[in-house]
Every structure is written in structure tokens, then in C-alpha cells.
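Below is one structure, written out as C-alpha cells, with a few remarks after it.
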Amino acid sequence: MIRHLYFHIPFCTKLCPYCCFYVDTALAGKSQRFIEALLAELDERRAQYALQPLTIYFGGGTPSTLSRTELQRLFDGLRERMDLSALTECTLEANPESVTPAKAQLLRELGVNRISLGVQSLDDTLLQTLGRRHTAALAREKFGLLREAGFTNLSVDLMFALPGQTQEQWHRSLDEAIALQPEHISCYCLTYEEDTAFFDQLQAGKFQQDPDWDADLFEMTMDTLAAAGYAQYEISNFARPGFESQHNRAYWAGAPYLGLGPSAFSTVNETRWKNVADTARYVSSAMAGQVEIESTETLSAQTLLGERLAFGLRTAEGVKAQDTEPWKDNVAELLALELLQPRGEHLVLTRRGKLLADAVAEAFV
């Protein structure tokens with residue numbers, strides 16, 4: 001039984017210079033047929049697996065760029081194909097400029113009960129640096145609009161360690177985000193990914209990286225959000241009690257999941273595959289009855305366990321110490337370096353370990 005589904009909606013009005021996800025900026029004339037292709041892939045998958053989702057996540061890209069007609073068709077198609085009676089969390093990513101009162105109201109009526117709003121910064125200068133289309137004022141306005149539409153589970157995405165960002169700018173963005181009183185805040189340190197404009201500028205010497213500065217901003221993040229009542233339940237994610245992302249928690253725990261749409265990953269049992277990262281080829285193959293797969297990987301039991309430990313250690317609960325036995329030498333070293341610490345029968349990251357979480361994860365994968 002598959003209980004967790006991810007739908008990749010690749011459409012964006014423009015490509016942000018830091019983004020490494022597969023996106024398609026040529027939206028015109030594509031989206032209606034794309035919706036039918038998504039539903040066709042869902043038909044293919046439900047012929048292979050029993051589907052009764054607990055969580056559904058619409059990511060991208062920018063899912064909120066879909067029109068109300070397209071959203072209605074998509075959700076009608078989901079209900080025709082799956083039993084949604086057990087669905088507890090339905091998340092949709094949105095950018096401020098694509099949120100309208102009518103669309104917000106429709107999303108509530110369709111069953112979306114969680115919105116992840118891509119704010120990224122509440123400083124207009126930094127928003128321009130990031131290539132975003134909204135202003136800080138518009139982000140605040142659209143957050144309020146979502147509240148007025150009845151959403152009681154709102155998440156705000158923010159980024160730190162941006163080119164030219166000062167400590168004061170980051171602290172102000174955190175304070176202003178807290179003032180909105182979202183149930184959830186995600187804070188990501190900017191990473192310079194290959195094949196992005198930011199990476200090219202880094203390589204050209206126009207941008208500089210400073211791991212110590214990044215760590216200082218991250219520590220500020222942890223302290224500021226903790227003081228405001230947000231629990232750090234995962235390295236980059238902070239929530240009011242009861243508002244943790246259930247979809248992401250399932251993913252981090254190693255639950256099987258299906259990803260639908262171009263470039264989407266799926267992991268079921270010991271098989272992981274990735275759909276073709278090309279909208280036209282995805283649509284063509286899905287409508288023909290078999291989605292084109294870009295890559296497939298067979299995972300060993302130890303690889304799956306290692307991944308679960310790597311993700312689990314990023315969470316507040318940590319991992320069971322007994323599960324780390326195959327990596328006991330690595331664990332001993334991490335304990336000696338005070339990056340891990342025991343907590344009952346579990347191992348969790350220390351504060352210093354949180355600053356070096358990626359390095360800790362590498363010990364298991």
C-alpha cells in the first residue's frame with residue numbers, strides 16, 4: 001500500500017538563478033495536456049500498486065501557477081482514481097504573486113489543507129538578488145489572504161547566507177516571518193548548485209562562500225525560532241506543536257512513496273526510479289500509457305537503512321542506536337567528536353552536529 005504521493009508541477013514564470021530543480025518556463029498551451037498526462041501516469045501506477053494516500057504534496061516548479069480550471073480537473077481526476085478518505089495532509093507549494101482570493105478559496109474547497117509559501121526573503125533588495133517576482137509587502141499581503149481563505153496550516157520558506165546578506169537583514173526577515181504567525185517555517189542555507197546562474201557567478205569570483213558565516217546565521221536561526229516557540233524538528237524545519245510536515249516526516253523515515261510528473265523520484269521496496277526530466281517527453285510517454293523513465297536503481301537493504309539513518313539523524317528524534325551497528329566505528333568517531341550524543345536508546349545530533357549535519361550523514365551513505 002502506497003500512502004504518500006508527490007506530484008511535480010514543473011511550471012514557473014521564470015527560472016530563479018539559484019534553482020537546480022527541473023522547471024519549465026514555457027507554460028503557454030501546455031498545462032491542460034500536462035494535467036491529463038499526470039492523471040494518465042496515476043492510472044499506470046494504480047494498476048501496479050494499491051494507493052490510499054495519507055499525504056499528498058504538490059511541489060515544483062510552482063503548482064500555484066495552474067489555473068482554477070486546471071486545479072479543478074486535477075483534483076476531480078484524483079478523486080476518480082483514488083480513495084482519499086484517509087488523506088490527512090495535502091500540501092501545495094505557492095509563490096506569492098500567483099495567489100489570488102478565488103484560487104485560495106478553490107484550493108480550500110478542493111481539500112488542500114496546507115500551503116507552503118515561497119517567500120525566501122522579506123527584504124526587497126535580496127528578493128531582487130534572488131530574481132523573485134514578488135516584494136516583501138506582497139508576500140505579507142498574500143499570506144494574509146491565505147489566512148482569510150481559511151487556511152490554518154501555513155508554512156513560510158526562507159533562505160539565508162544569500163549574496164550580500166547582512167546579519168541584520170536575516171534577523172529582520174526572521175522577525176517579520178514570526179510576526180506573520182505561520183504554523184511552520186523552513187529555513188534553508190543557500191547552496192550553489194551546478195548548472196545554476198549563481199554557481200557560475202561563484203566560479204567567476206563574483207560571489208563568495210564563508211562556512212563560518214553560514215554557521216553563525218544558522219545558529220541565529222535556531223535561537224530566534226526557538227525563542228518564538230518553533231521546535232526544530234528537522235535541521236531546516238521549525239514548527240508549532242502538531243504542525244510538522246507529515247509528508248516530509250514519512251519521507252525521512254524511509255516510507256515508500258510515488259513521485260509523479262517530470263523529474264519526479266519514486267522509491268518502492270528496493271527500487272528507486274526517476275521520471276524523464278522533460279515535460280514534452282513526459283507528456284507524450286504518459287499519454288501513450290507508459291511514462292519514460294530516466295534512471296532506475298536497485299537498493300540493498302543496507303543502503304536503505306543507511307539512507308534512513310542519514311535522514312533520521314537530521315530530525316529531533318534521531319535514530320535508534322541499535323540500527324547503527326553496521327557503522328559502529330563511524331558512530332564511535334562521531335561520538336568522540338561530539339557531533340552525536342546518546343538520548344535514551346537513540347542517537348541525536350549535538351548542537352555542533354547540527355552545524356555539520358551533511359558531514360554526519362556522509363558517514364552512513
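A note on labels: chains of the C-alpha cells are A, B, ... as shown, every chain counts residues from 1, and ligands are counted from 1 in their shown order.
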Residues within 12 Å of Leu349 of chain A, only C-alpha atoms, excluding chain neighbours under 3 positions, as an mmCIF file with C-alpha atoms, in the first residue's frame:
```
data_model
loop_
_atom_site.group_PDB
_atom_site.id
_atom_site.type_symbol
_atom_site.label_atom_id
_atom_site.label_comp_id
_atom_site.auth_asym_id
_atom_site.auth_seq_id
_atom_site.Cartn_x
_atom_site.Cartn_y
_atom_site.Cartn_z
ATOM 1 C CA GLN A 232 13.352 22.419 15.283
ATOM 2 C CA TYR A 233 12.008 19.001 14.342
ATOM 3 C CA GLU A 234 14.431 18.689 11.406
ATOM 4 C CA ILE A 235 17.603 20.587 10.542
ATOM 5 C CA LEU A 309 19.799 6.822 9.357
ATOM 6 C CA ALA A 310 21.216 9.787 7.434
ATOM 7 C CA PHE A 311 17.777 11.404 7.204
ATOM 8 C CA GLY A 312 16.737 10.322 10.681
ATOM 9 C CA LEU A 313 19.707 11.983 12.299
ATOM 10 C CA ARG A 314 18.536 15.282 10.830
ATOM 11 C CA THR A 315 15.369 15.005 12.927
ATOM 12 C CA ALA A 316 14.849 15.833 16.588
ATOM 13 C CA GLU A 317 14.043 12.192 17.377
ATOM 14 C CA GLY A 318 17.312 10.919 15.940
ATOM 15 C CA VAL A 319 17.739 7.204 15.277
ATOM 16 C CA VAL A 331 29.458 6.232 15.185
ATOM 17 C CA LEU A 334 31.142 10.919 15.705
ATOM 18 C CA LEU A 335 30.539 10.469 19.427
ATOM 19 C CA LEU A 337 33.959 14.396 18.054
ATOM 20 C CA GLU A 338 30.817 15.353 19.996
ATOM 21 C CA LEU A 339 28.728 15.513 16.834
ATOM 22 C CA LEU A 340 26.383 12.816 18.157
ATOM 23 C CA GLN A 341 25.109 12.143 21.651
ATOM 24 C CA PRO A 342 23.007 9.355 23.185
ATOM 25 C CA ARG A 343 19.475 10.102 24.327
ATOM 26 C CA HIS A 346 18.536 6.870 20.452
ATOM 27 C CA ARG A 352 27.640 21.302 16.878
ATOM 28 C CA GLY A 353 26.468 18.237 14.981
ATOM 29 C CA LYS A 354 23.550 20.225 13.584
ATOM 30 C CA LEU A 355 26.039 22.670 12.095
ATOM 31 C CA LEU A 356 27.789 19.750 10.372
ATOM 32 C CA ALA A 357 24.749 17.597 9.606
ATOM 33 C CA ASP A 358 25.738 16.918 5.994
ATOM 34 C CA ALA A 359 29.141 15.618 7.096
ATOM 35 C CA VAL A 360 27.477 13.376 9.702
ATOM 36 C CA ALA A 361 25.119 11.976 7.055
#
```
Helix (DSSP H, G or I) positions in segment 5-188 of chain A, given as a PyMOL selection string: chain A and resi 31-46+63-65+68-81+96-98+101-110+124-129+136-148+167-180
Surrounding residues of segment 120-122 of chain A excluding itself and chain neighbours under 4 positions, 6 Å, only C-alpha atoms, as number ranges by chain: A: 136, 157-159, 173
Distance table requested - segment 73-142 of chain A against segment 5-10 of chain A, cut-off 10 Å, only C-alpha atoms: one row per qualifying residue with the closest atom pair and its distance in Å to one decimal, ordered by chain and rising residue number, as a Markdown table.
```
| residue | atom | partner | partner_atom | distance |
| --- | --- | --- | --- | --- |
| A:Cys90 | CA | A:Leu5 | CA | 9.7 |
| A:Thr91 | CA | A:Tyr6 | CA | 9.6 |
| A:Leu92 | CA | A:Phe7 | CA | 9.5 |
| A:Glu93 | CA | A:Ile9 | CA | 9.6 |
```
Selection from above, N, CA and C atoms, as a tab-separated table (two decimals), in the first residue's frame, can you write it?
```
chain	number	residue	atom	x	y	z
A	90	CYS	N	-2.59	17.57	2.80
A	90	CYS	CA	-2.48	17.85	1.36
A	90	CYS	C	-1.82	19.21	1.21
A	91	THR	N	-0.55	19.20	0.80
A	91	THR	CA	0.26	20.41	0.73
A	91	THR	C	0.41	20.87	-0.71
A	92	LEU	N	0.35	22.17	-0.91
A	92	LEU	CA	0.62	22.75	-2.23
A	92	LEU	C	1.59	23.90	-2.07
A	93	GLU	N	2.67	23.88	-2.85
A	93	GLU	CA	3.63	24.99	-2.85
A	93	GLU	C	3.06	26.14	-3.68
```
Which polymer residues have any atom within 7 Å of an atom of Pro256 of chain A, counting only C-alpha atoms, with same-chain residues fewer than 4 positions away left out, as an NGL selection string? :A and (2 or 267-269)
Residue selection dump (N, CA and C atoms) as a compact mmCIF listing (two decimals), in the first residue's frame:
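Okay, this is what ended up in result27.txt:
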```
# COMPACT_ATOMS: atom_id res chain seq x y z
N ILE A 2 0.69 2.12 -0.97
CA ILE A 2 1.42 3.38 -1.03
C ILE A 2 0.57 4.45 -0.36
N THR A 267 10.38 5.76 -4.70
CA THR A 267 11.08 4.65 -4.05
C THR A 267 10.04 3.70 -3.48
N VAL A 268 10.01 2.49 -4.02
CA VAL A 268 9.07 1.48 -3.57
C VAL A 268 9.85 0.18 -3.38
N ASN A 269 9.76 -0.37 -2.18
CA ASN A 269 10.51 -1.57 -1.82
C ASN A 269 12.00 -1.29 -2.04
```
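You will find atom CA of Gln322 of chain A at 21.9 Å from atom CA of Glu270 of chain A.
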I'd like a table as a Markdown table: residues in segment 201-311 of chain A with an atom no more than 10 Å from segment 14-29 of chain A, each row giving the shortest atom pair and its distance in Å to one decimal, only C-alpha atoms counted, sorted by chain and rising residue number.
```
| residue | atom | partner | partner_atom | distance |
| --- | --- | --- | --- | --- |
| A:Gln201 | CA | A:Pro17 | CA | 9.8 |
| A:Pro262 | CA | A:Tyr22 | CA | 7.8 |
| A:Ser263 | CA | A:Tyr22 | CA | 6.5 |
| A:Ala264 | CA | A:Tyr22 | CA | 9.1 |
| A:Ala277 | CA | A:Tyr22 | CA | 6.5 |
| A:Asp278 | CA | A:Tyr22 | CA | 8.1 |
| A:Thr279 | CA | A:Asp24 | CA | 7.3 |
| A:Ala280 | CA | A:Asp24 | CA | 9.9 |
```
All strand (DSSP E or B) residues (DSSP, backbone) inside segment 137-325 of chain A, as a CSV table (one decimal) with N, CA and C atoms, in the first residue's frame:
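Saved to selection_12.csv:
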```csv
chain,number,residue,atom,x,y,z
A,154,LEU,N,-0.1,27.0,7.6
A,154,LEU,CA,0.7,27.7,6.6
A,154,LEU,C,2.2,27.6,6.9
A,155,SER,N,3.0,27.4,5.9
A,155,SER,CA,4.4,27.3,6.1
A,155,SER,C,5.0,28.4,5.2
A,156,VAL,N,6.1,29.0,5.7
A,156,VAL,CA,6.9,30.0,5.0
A,156,VAL,C,8.3,29.5,4.8
A,157,ASP,N,8.7,29.6,3.5
A,157,ASP,CA,10.1,29.2,3.2
A,157,ASP,C,11.0,30.5,3.2
A,158,LEU,N,12.1,30.4,3.8
A,158,LEU,CA,13.1,31.4,3.9
A,158,LEU,C,14.5,30.9,3.5
A,159,MET,N,15.4,31.7,3.0
A,159,MET,CA,16.7,31.3,2.7
A,159,MET,C,17.7,32.3,3.3
A,160,PHE,N,18.8,31.7,3.8
A,160,PHE,CA,19.9,32.6,4.4
A,160,PHE,C,21.2,32.3,3.7
A,184,HIS,N,4.5,27.0,10.5
A,184,HIS,CA,5.7,26.2,10.1
A,184,HIS,C,6.6,27.2,9.4
A,185,ILE,N,7.9,27.1,9.7
A,185,ILE,CA,8.9,27.9,8.9
A,185,ILE,C,10.0,27.0,8.5
A,186,SER,N,10.4,27.0,7.2
A,186,SER,CA,11.5,26.3,6.7
A,186,SER,C,12.6,27.3,6.4
A,187,CYS,N,13.8,27.0,6.9
A,187,CYS,CA,14.9,27.9,6.7
A,187,CYS,C,16.1,27.2,6.0
A,188,TYR,N,16.4,27.5,4.8
A,188,TYR,CA,17.5,26.8,4.1
A,188,TYR,C,18.7,27.7,3.8
A,189,CYS,N,19.8,27.1,4.0
A,189,CYS,CA,21.1,27.8,3.7
A,189,CYS,C,21.3,27.7,2.2
A,231,ALA,N,9.6,24.6,17.3
A,231,ALA,CA,10.5,23.5,17.6
A,231,ALA,C,11.2,23.1,16.3
A,232,GLN,N,12.6,22.9,16.4
A,232,GLN,CA,13.4,22.4,15.3
A,232,GLN,C,13.2,20.9,15.2
A,233,TYR,N,12.2,20.4,14.4
A,233,TYR,CA,12.0,19.0,14.3
A,233,TYR,C,12.8,18.3,13.3
A,234,GLU,N,13.5,19.2,12.4
A,234,GLU,CA,14.4,18.7,11.4
A,234,GLU,C,15.4,19.9,11.2
A,237,ASN,N,13.8,22.7,9.4
A,237,ASN,CA,12.3,22.9,9.5
A,237,ASN,C,11.9,23.1,11.0
A,238,PHE,N,11.1,24.1,11.2
A,238,PHE,CA,10.7,24.5,12.5
A,238,PHE,C,9.1,24.6,12.5
A,239,ALA,N,8.5,24.1,13.6
A,239,ALA,CA,7.0,24.1,13.6
A,239,ALA,C,6.5,24.3,15.0
A,257,TYR,N,7.1,5.8,-1.4
A,257,TYR,CA,6.4,6.9,-1.9
A,257,TYR,C,6.5,6.9,-3.4
A,258,LEU,N,5.5,7.4,-4.1
A,258,LEU,CA,5.4,7.6,-5.5
A,258,LEU,C,5.6,9.1,-5.9
A,259,GLY,N,6.4,9.4,-6.8
A,259,GLY,CA,6.6,10.7,-7.4
A,259,GLY,C,6.0,10.7,-8.8
A,260,LEU,N,5.1,11.6,-9.1
A,260,LEU,CA,4.5,11.7,-10.4
A,260,LEU,C,4.9,13.0,-11.1
A,265,PHE,N,11.1,11.5,-8.5
A,265,PHE,CA,11.6,10.3,-8.0
A,265,PHE,C,10.5,9.5,-7.2
A,266,SER,N,10.7,8.1,-7.3
A,266,SER,CA,9.8,7.2,-6.5
A,266,SER,C,10.7,6.2,-5.9
A,267,THR,N,10.4,5.8,-4.7
A,267,THR,CA,11.1,4.6,-4.0
A,267,THR,C,10.0,3.7,-3.5
A,268,VAL,N,10.0,2.5,-4.0
A,268,VAL,CA,9.1,1.5,-3.6
A,268,VAL,C,9.9,0.2,-3.4
A,271,THR,N,13.4,-0.5,-5.0
A,271,THR,CA,13.6,0.1,-6.3
A,271,THR,C,13.3,1.6,-6.3
A,272,ARG,N,14.3,2.3,-6.9
A,272,ARG,CA,14.1,3.8,-7.0
A,272,ARG,C,14.2,4.1,-8.5
A,273,TRP,N,13.3,5.0,-8.9
A,273,TRP,CA,13.4,5.4,-10.3
A,273,TRP,C,13.1,6.9,-10.4
A,274,LYS,N,13.5,7.5,-11.5
A,274,LYS,CA,13.3,8.9,-11.8
A,274,LYS,C,12.6,9.0,-13.2
A,275,ASN,N,11.5,9.8,-13.2
A,275,ASN,CA,10.9,10.1,-14.5
A,275,ASN,C,11.7,11.0,-15.3
A,293,ILE,N,11.1,6.5,-18.2
A,293,ILE,CA,12.0,6.5,-17.0
A,293,ILE,C,13.4,6.9,-17.4
A,294,GLU,N,13.9,7.9,-16.7
A,294,GLU,CA,15.3,8.3,-17.0
A,294,GLU,C,16.3,7.5,-16.3
A,295,SER,N,16.1,7.0,-15.1
A,295,SER,CA,17.0,6.1,-14.4
A,295,SER,C,16.3,5.2,-13.4
A,296,THR,N,16.9,4.0,-13.2
A,296,THR,CA,16.4,3.1,-12.2
A,296,THR,C,17.5,2.5,-11.4
A,297,GLU,N,17.3,2.3,-10.1
A,297,GLU,CA,18.3,1.9,-9.2
A,297,GLU,C,17.7,0.8,-8.3
A,298,THR,N,18.4,-0.3,-8.1
A,298,THR,CA,18.1,-1.3,-7.1
A,298,THR,C,18.9,-1.1,-5.8
A,315,THR,N,16.6,14.7,12.2
A,315,THR,CA,15.4,15.0,12.9
A,315,THR,C,15.6,15.1,14.4
A,319,VAL,N,17.9,8.6,15.7
A,319,VAL,CA,17.7,7.2,15.3
A,319,VAL,C,18.0,6.2,16.4
A,320,LYS,N,17.5,5.0,16.3
A,320,LYS,CA,17.8,4.0,17.3
A,320,LYS,C,19.3,3.6,17.2
```
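Using only C-alpha atoms for every distance, the candidate list A:Gln72, A:Gln48, A:Thr13, A:Thr350 yields A:Thr13 as the residue closest to Gly131 of chain A.
Counting from atom CA of Ala47 of chain A, the distance to atom CA of Val291 of chain A is 13.3 Å.
Note that atom CA of Thr55 of chain A and atom CA of Glu148 of chain A are 23.9 Å apart.
When only C-alpha atoms are used to measure the gap to Met220 of chain A, the shortest distance among A:Leu190, A:Ala288, A:Leu174, A:Leu180 belongs to A:Leu174.
Comparing the minimum interatomic distances between Lys328 of chain A and each of A:Gly61, A:Ala363, A:Glu36, A:Lys30, counting only C-alpha atoms, we find that A:Ala363 sits nearest.
For Thr125 of chain A, the set of protein, DNA and RNA residues having any atom at most 10 Å away, when counting only C-alpha atoms and skipping those fewer than 3 positions along the same chain, is Ser121, Leu122, Gln128, Thr129, Leu130, Thr135, Ala136, Gly164, Gln165 and Gln169 of chain A.
Each of A:Glu307, A:Glu333, A:Glu244, A:Asp323 was checked against Glu362 of chain A using only C-alpha atoms; the smallest atom-to-atom distance is that of A:Glu307.
If you count only C-alpha atoms and ignore residues fewer than 2 places along the chain from Gln209 of chain A, what sits within 12 Å of it is A:Ala161, A:Leu162, A:Pro163, A:Gly164, A:Gln165, A:Cys189, A:Leu190, A:Thr191, A:Tyr192, A:Phe198, A:Phe199, A:Gln201, A:Leu202, A:Gln203, A:Gly205, A:Lys206, A:Phe207, A:Pro211, A:Asp212, A:Trp213, A:Asp214, A:Ala215.
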Could you write out the selected residues, including N, CA and C atoms, as a short mmCIF file (atom, residue, chain, number, x, y, z; two decimals), in the first residue's frame?
```
data_model
loop_
_atom_site.label_atom_id
_atom_site.label_comp_id
_atom_site.auth_asym_id
_atom_site.auth_seq_id
_atom_site.Cartn_x
_atom_site.Cartn_y
_atom_site.Cartn_z
N ALA A 161 22.21 33.12 4.13
CA ALA A 161 23.55 33.10 3.51
C ALA A 161 23.47 33.49 2.04
N LEU A 162 22.62 34.48 1.76
CA LEU A 162 22.47 34.98 0.39
C LEU A 162 23.59 35.96 0.05
N PRO A 163 23.90 36.12 -1.22
CA PRO A 163 24.95 37.07 -1.61
C PRO A 163 24.65 38.47 -1.08
N GLY A 164 25.58 39.02 -0.31
CA GLY A 164 25.42 40.37 0.21
C GLY A 164 24.54 40.49 1.44
N GLN A 165 23.98 39.40 1.92
CA GLN A 165 23.07 39.46 3.07
C GLN A 165 23.83 39.79 4.35
N CYS A 189 19.84 27.14 4.05
CA CYS A 189 21.08 27.83 3.69
C CYS A 189 21.27 27.71 2.18
N LEU A 190 21.55 28.83 1.54
CA LEU A 190 21.77 28.81 0.10
C LEU A 190 22.91 27.87 -0.25
N THR A 191 22.67 26.99 -1.21
CA THR A 191 23.73 26.15 -1.75
C THR A 191 23.91 26.50 -3.22
N TYR A 192 25.14 26.51 -3.64
CA TYR A 192 25.46 26.86 -5.02
C TYR A 192 25.53 25.56 -5.84
N PHE A 198 23.76 31.20 -10.21
CA PHE A 198 24.53 31.53 -9.00
C PHE A 198 25.85 30.76 -8.95
N PHE A 199 25.83 29.50 -9.36
CA PHE A 199 27.06 28.70 -9.36
C PHE A 199 28.08 29.31 -10.31
N GLN A 201 28.34 32.41 -11.15
CA GLN A 201 28.86 33.63 -10.56
C GLN A 201 29.83 33.34 -9.42
N LEU A 202 29.58 32.25 -8.70
CA LEU A 202 30.52 31.83 -7.66
C LEU A 202 31.85 31.44 -8.29
N GLN A 203 31.79 30.67 -9.35
CA GLN A 203 33.00 30.23 -10.03
C GLN A 203 33.76 31.41 -10.63
N GLY A 205 34.00 34.24 -9.28
CA GLY A 205 34.51 35.08 -8.20
C GLY A 205 33.62 36.24 -7.82
N LYS A 206 32.41 36.31 -8.40
CA LYS A 206 31.50 37.40 -8.07
C LYS A 206 30.82 37.20 -6.73
N PHE A 207 30.65 35.93 -6.33
CA PHE A 207 30.10 35.60 -5.02
C PHE A 207 31.17 34.87 -4.21
N PRO A 211 31.84 29.34 5.20
CA PRO A 211 31.15 28.36 6.05
C PRO A 211 30.94 28.86 7.49
N ASP A 212 31.89 29.62 8.01
CA ASP A 212 31.74 30.13 9.38
C ASP A 212 30.59 31.13 9.45
N TRP A 213 30.46 31.97 8.44
CA TRP A 213 29.36 32.93 8.39
C TRP A 213 28.02 32.20 8.27
N ASP A 214 27.99 31.19 7.41
CA ASP A 214 26.78 30.38 7.26
C ASP A 214 26.37 29.77 8.60
N ALA A 215 27.37 29.26 9.34
CA ALA A 215 27.09 28.63 10.63
C ALA A 215 26.57 29.66 11.64
#
```
